[in-house]
Amino acid sequence: MITQITDIKDPRVAPFCQLTEAQLRNRLDPSQGIFIAESPKVIRVALDAGYVPVSLLCEEKHITGDAKDIVERLENEGAEVFTGSRQLLADLTGYTLTRGVLCAMRRPEEASLQEVLKDARRVVVIDGVVDSTNIGAIFRSAAALGMDAVLVTRNSCDPWNRRAIRVSMGSVFLVPWTWLDDYSQLKELGFSTCAMALEDRSISIDDPILRQQERLAIIMGTEGDGLPKETIKGADFVVKIPMAYGVDSLNVAAAASVAFWEMRRR
């Protein structure tokens, strides 16, 4: 059933406008946590990957337009579908929806590190990256360039952040990922680690020794300060991307793309 929304304070659409990212995550009861997927394309990727919808907020014109197939899928699954005018949805969410459709979906259980890395050979570790746009861009590159998994440290932006999901174009639903609490876990699972950083002992990203590693974890650091000194010190390799024209570094998302392509499985 499709429900028309006329009041921006309607509690049924609170997940789309009144709850913070922390509240959506629901730390007290993770089984009740949700995330917000934005745009028909991203929502379709999530649905096709098996994620469970809770409710949909859709601009009126998209009910029989761009989101018609999504509305039908959610109705068949018993999820709630809410609609309203473009202006009302803008007033409700605080911004004009780029594609006019938002979907609240159930967060999955956190996967174990062993499960995610079972058959992995090339993975990326996102360490302390707090910008949601960069998180999304790294996930998109990881999917496109063949990374087997993504690991995220707890001090990074949550990949289930709405903007991160949108920028990733749904790649967060495709690449296996989980949280990393201790780098020693990687060593125990047979991974060599390479920290992307400018240090005296840094080797070039095209050094043949990197391609020879059976299992390799590429560690990308925060946008400003880079990786912590202890992380660099504990890495098996410290790697740099040679620069021209006096440029000292790349944005973390751009550097990740270069690293994934160069150190991918041959």
# chains A, B, ... in the order shown; residues from 1 in each chain; ligands from 1
>>> residues_around(residues="stretch 199-209 of chain A", least_positions_apart="2", cutoff="8 Å", atoms="only C-alpha atoms", output="ChimeraX atom specification")
/A:197,211-213,237-242,259,262-263
>>> write_last_selection(atoms="N, CA and C atoms", output="mmCIF file, in the first residue's frame")
data_model
loop_
_atom_site.group_PDB
_atom_site.id
_atom_site.type_symbol
_atom_site.label_atom_id
_atom_site.label_comp_id
_atom_site.auth_asym_id
_atom_site.auth_seq_id
_atom_site.Cartn_x
_atom_site.Cartn_y
_atom_site.Cartn_z
ATOM 1 N N ALA A 197 52.447 5.407 2.242
ATOM 2 C CA ALA A 197 52.970 6.552 2.992
ATOM 3 C C ALA A 197 54.305 6.997 2.400
ATOM 4 N N ARG A 211 53.927 -7.493 -6.184
ATOM 5 C CA ARG A 211 53.115 -8.421 -6.969
ATOM 6 C C ARG A 211 53.382 -9.873 -6.587
ATOM 7 N N GLN A 212 54.534 -10.112 -5.995
ATOM 8 C CA GLN A 212 54.896 -11.482 -5.640
ATOM 9 C C GLN A 212 54.210 -11.964 -4.366
ATOM 10 N N GLN A 213 53.579 -11.051 -3.629
ATOM 11 C CA GLN A 213 52.947 -11.433 -2.370
ATOM 12 C C GLN A 213 51.674 -12.227 -2.629
ATOM 13 N N PHE A 237 55.712 -3.537 4.210
ATOM 14 C CA PHE A 237 56.224 -2.642 3.171
ATOM 15 C C PHE A 237 55.613 -1.262 3.359
ATOM 16 N N VAL A 238 56.390 -0.249 3.020
ATOM 17 C CA VAL A 238 55.864 1.114 2.952
ATOM 18 C C VAL A 238 55.970 1.528 1.494
ATOM 19 N N VAL A 239 54.862 1.989 0.934
ATOM 20 C CA VAL A 239 54.775 2.156 -0.515
ATOM 21 C C VAL A 239 54.387 3.588 -0.874
ATOM 22 N N LYS A 240 54.992 4.096 -1.944
ATOM 23 C CA LYS A 240 54.663 5.438 -2.419
ATOM 24 C C LYS A 240 54.323 5.394 -3.905
ATOM 25 N N ILE A 241 53.543 6.376 -4.321
ATOM 26 C CA ILE A 241 53.242 6.562 -5.740
ATOM 27 C C ILE A 241 54.142 7.677 -6.257
ATOM 28 N N PRO A 242 55.049 7.411 -7.187
ATOM 29 C CA PRO A 242 55.928 8.466 -7.706
ATOM 30 C C PRO A 242 55.108 9.621 -8.290
ATOM 31 N N ALA A 259 46.651 2.403 -6.465
ATOM 32 C CA ALA A 259 47.194 1.266 -5.735
ATOM 33 C C ALA A 259 46.475 -0.029 -6.098
ATOM 34 N N GLU A 262 47.581 -1.144 -9.664
ATOM 35 C CA GLU A 262 48.973 -1.588 -9.761
ATOM 36 C C GLU A 262 49.214 -2.880 -9.014
ATOM 37 N N MET A 263 48.562 -3.063 -7.876
ATOM 38 C CA MET A 263 48.844 -4.231 -7.044
ATOM 39 C C MET A 263 47.765 -5.313 -7.124
#
>>> residues_around(residues="A:Glu110", least_positions_apart="5", cutoff="12 Å", atoms="only C-alpha atoms", output="list in words")
Arg25, Pro30, Ser31, Gly33, Glu115, Val116, Leu151, Val152, Trp160, Pro176, Trp177, Thr178, Trp179 and Leu180 of chain A
>>> select_by_dssp(residues="stretch 39-197 of chain A", states="strand (DSSP E or B)", output="NGL selection string")
:A and (53-59 or 80-84 or 101-106 or 122-126 or 149-153 or 177-180 or 192-196)
>>> closest_residue(among="A:Ala49, A:Val71, A:Ala37, A:Val150", to="A:Ala256", atoms="only C-alpha atoms")
A:Val150
>>> select_by_dssp(residues="stretch 8-232 of chain A", states="helix (DSSP H, G or I)", output="PyMOL selection string")
chain A and resi 11-17+21-25+30-32+40-48+60-63+68-76+86-93+113-116+132-144+162-167+171-173+184-188+208-211+229-232
>>> atom_distance(atom1="atom CA of A:Leu210", atom2="atom CA of A:Leu250")
20.3 Å
>>> residues_around(residues="A:Thr222", least_positions_apart="5", cutoff="7 Å", atoms="only C-alpha atoms", output="NGL selection string")
:A and (127-129 or 227)
>>> write_last_selection(atoms="N, CA and C atoms", output="PDB file, in the first residue's frame")
ATOM      1  N   ASP A 127      41.966   3.070   7.039  1.00  0.00           N
ATOM      2  CA  ASP A 127      42.380   3.375   8.406  1.00  0.00           C
ATOM      3  C   ASP A 127      42.169   4.853   8.721  1.00  0.00           C
ATOM      4  N   GLY A 128      41.145   5.157   9.522  1.00  0.00           N
ATOM      5  CA  GLY A 128      40.944   6.520   9.995  1.00  0.00           C
ATOM      6  C   GLY A 128      40.418   7.503   8.966  1.00  0.00           C
ATOM      7  N   VAL A 129      39.847   7.027   7.876  1.00  0.00           N
ATOM      8  CA  VAL A 129      39.281   7.927   6.867  1.00  0.00           C
ATOM      9  C   VAL A 129      37.874   8.318   7.316  1.00  0.00           C
ATOM     10  N   LEU A 227      48.663   7.871   7.679  1.00  0.00           N
ATOM     11  CA  LEU A 227      48.598   6.733   8.604  1.00  0.00           C
ATOM     12  C   LEU A 227      49.346   7.018   9.899  1.00  0.00           C
TER      13      LEU A 227
END
>>> closest_atom_pairs(of="stretch 49-90 of chain A", to="stretch 101-104 of chain A", cutoff="8 Å", atoms="only C-alpha atoms", output="CSV")
residue,atom,partner,partner_atom,distance
A:Pro53,CA,A:Ala104,CA,6.1
A:Val54,CA,A:Ala104,CA,5.4
A:Ser55,CA,A:Ala104,CA,5.3
A:Leu56,CA,A:Cys103,CA,4.4
A:Leu57,CA,A:Leu102,CA,5.1
A:Cys58,CA,A:Val101,CA,4.5
A:Glu59,CA,A:Val101,CA,6.3
A:His62,CA,A:Val101,CA,7.7
A:Ala67,CA,A:Val101,CA,7.5
>>> write_last_selection(atoms="N, CA and C atoms", output="short mmCIF file (atom, residue, chain, number, x, y, z; two decimals), in the first residue's frame")
data_model
loop_
_atom_site.label_atom_id
_atom_site.label_comp_id
_atom_site.auth_asym_id
_atom_site.auth_seq_id
_atom_site.Cartn_x
_atom_site.Cartn_y
_atom_site.Cartn_z
N PRO A 53 14.43 -4.53 2.67
CA PRO A 53 13.86 -3.18 2.77
C PRO A 53 12.89 -3.07 3.94
N VAL A 54 12.86 -1.89 4.55
CA VAL A 54 11.92 -1.60 5.64
C VAL A 54 10.82 -0.67 5.14
N SER A 55 11.23 0.42 4.48
CA SER A 55 10.25 1.36 3.94
C SER A 55 10.90 2.20 2.84
N LEU A 56 10.05 2.80 2.03
CA LEU A 56 10.50 3.61 0.90
C LEU A 56 9.86 4.98 0.98
N LEU A 57 10.62 6.02 0.70
CA LEU A 57 10.11 7.38 0.60
C LEU A 57 10.37 7.83 -0.83
N CYS A 58 9.30 8.12 -1.56
CA CYS A 58 9.43 8.33 -3.01
C CYS A 58 8.65 9.56 -3.46
N GLU A 59 9.29 10.40 -4.23
CA GLU A 59 8.59 11.54 -4.81
C GLU A 59 7.46 11.04 -5.70
N HIS A 62 7.84 9.67 -9.27
CA HIS A 62 8.65 8.46 -9.48
C HIS A 62 7.88 7.17 -9.15
N ALA A 67 10.98 4.77 -10.35
CA ALA A 67 10.99 3.81 -9.24
C ALA A 67 9.82 2.83 -9.28
#
>>> atom_distance(atom1="atom CA of A:Gly78", atom2="atom CA of A:Ala90")
25.8 Å
>>> closest_residue(among="A:Pro228, A:Ser192, A:Phe173, A:Arg122", to="A:Arg265", atoms="only C-alpha atoms")
A:Arg122
>>> residues_around(residues="A:Tyr51", least_positions_apart="6", cutoff="8 Å", atoms="only C-alpha atoms", output="short mmCIF file (atom, residue, chain, number, x, y, z; two decimals) with C-alpha atoms, in the first residue's frame")
data_model
loop_
_atom_site.label_atom_id
_atom_site.label_comp_id
_atom_site.auth_asym_id
_atom_site.auth_seq_id
_atom_site.Cartn_x
_atom_site.Cartn_y
_atom_site.Cartn_z
CA MET A 105 16.93 -1.05 4.76
CA ARG A 106 17.89 -3.45 7.52
CA ARG A 107 21.58 -3.50 8.46
CA PRO A 108 23.06 -6.99 8.13
#
>>> closest_residue(among="A:Ile232, A:Val81, A:Ile218, A:Val252", to="A:Thr3", atoms="only C-alpha atoms")
A:Val81
>>> residues_around(residues="A:Asp119", least_positions_apart="3", cutoff="12 Å", atoms="only C-alpha atoms", output="PyMOL selection string")
chain A and resi 113-116+122-123+147-149+176+189-191+214-215
>>> write_last_selection(atoms="C-alpha atoms", output="mmCIF file, in the first residue's frame")
data_model
loop_
_atom_site.group_PDB
_atom_site.id
_atom_site.type_symbol
_atom_site.label_atom_id
_atom_site.label_comp_id
_atom_site.auth_asym_id
_atom_site.auth_seq_id
_atom_site.Cartn_x
_atom_site.Cartn_y
_atom_site.Cartn_z
ATOM 1 C CA LEU A 113 37.103 -11.203 9.615
ATOM 2 C CA GLN A 114 37.741 -14.891 8.913
ATOM 3 C CA GLU A 115 34.604 -15.112 6.795
ATOM 4 C CA VAL A 116 35.395 -12.012 4.745
ATOM 5 C CA ARG A 122 44.054 -8.606 -2.335
ATOM 6 C CA VAL A 123 42.300 -6.413 0.232
ATOM 7 C CA MET A 147 39.794 -5.998 -4.561
ATOM 8 C CA ASP A 148 38.548 -9.125 -2.812
ATOM 9 C CA ALA A 149 37.502 -7.356 0.380
ATOM 10 C CA PRO A 176 32.699 -8.182 1.164
ATOM 11 C CA LEU A 189 45.728 -14.993 8.383
ATOM 12 C CA GLY A 190 48.825 -14.897 6.191
ATOM 13 C CA PHE A 191 48.627 -11.382 4.817
ATOM 14 C CA GLU A 214 50.391 -14.234 -2.203
ATOM 15 C CA ARG A 215 48.100 -12.280 0.132
#
>>> closest_residue(among="A:Leu88, A:Ala244, A:Val167, A:Val52", to="A:Thr133", atoms="only C-alpha atoms")
A:Val167
>>> atom_distance(atom1="atom CA of A:Val124", atom2="atom CA of A:Val45")
21.9 Å
>>> closest_residue(among="A:Gly226, A:Gly146, A:Gly136, A:Gly100", to="A:Pro159", atoms="only C-alpha atoms")
A:Gly136
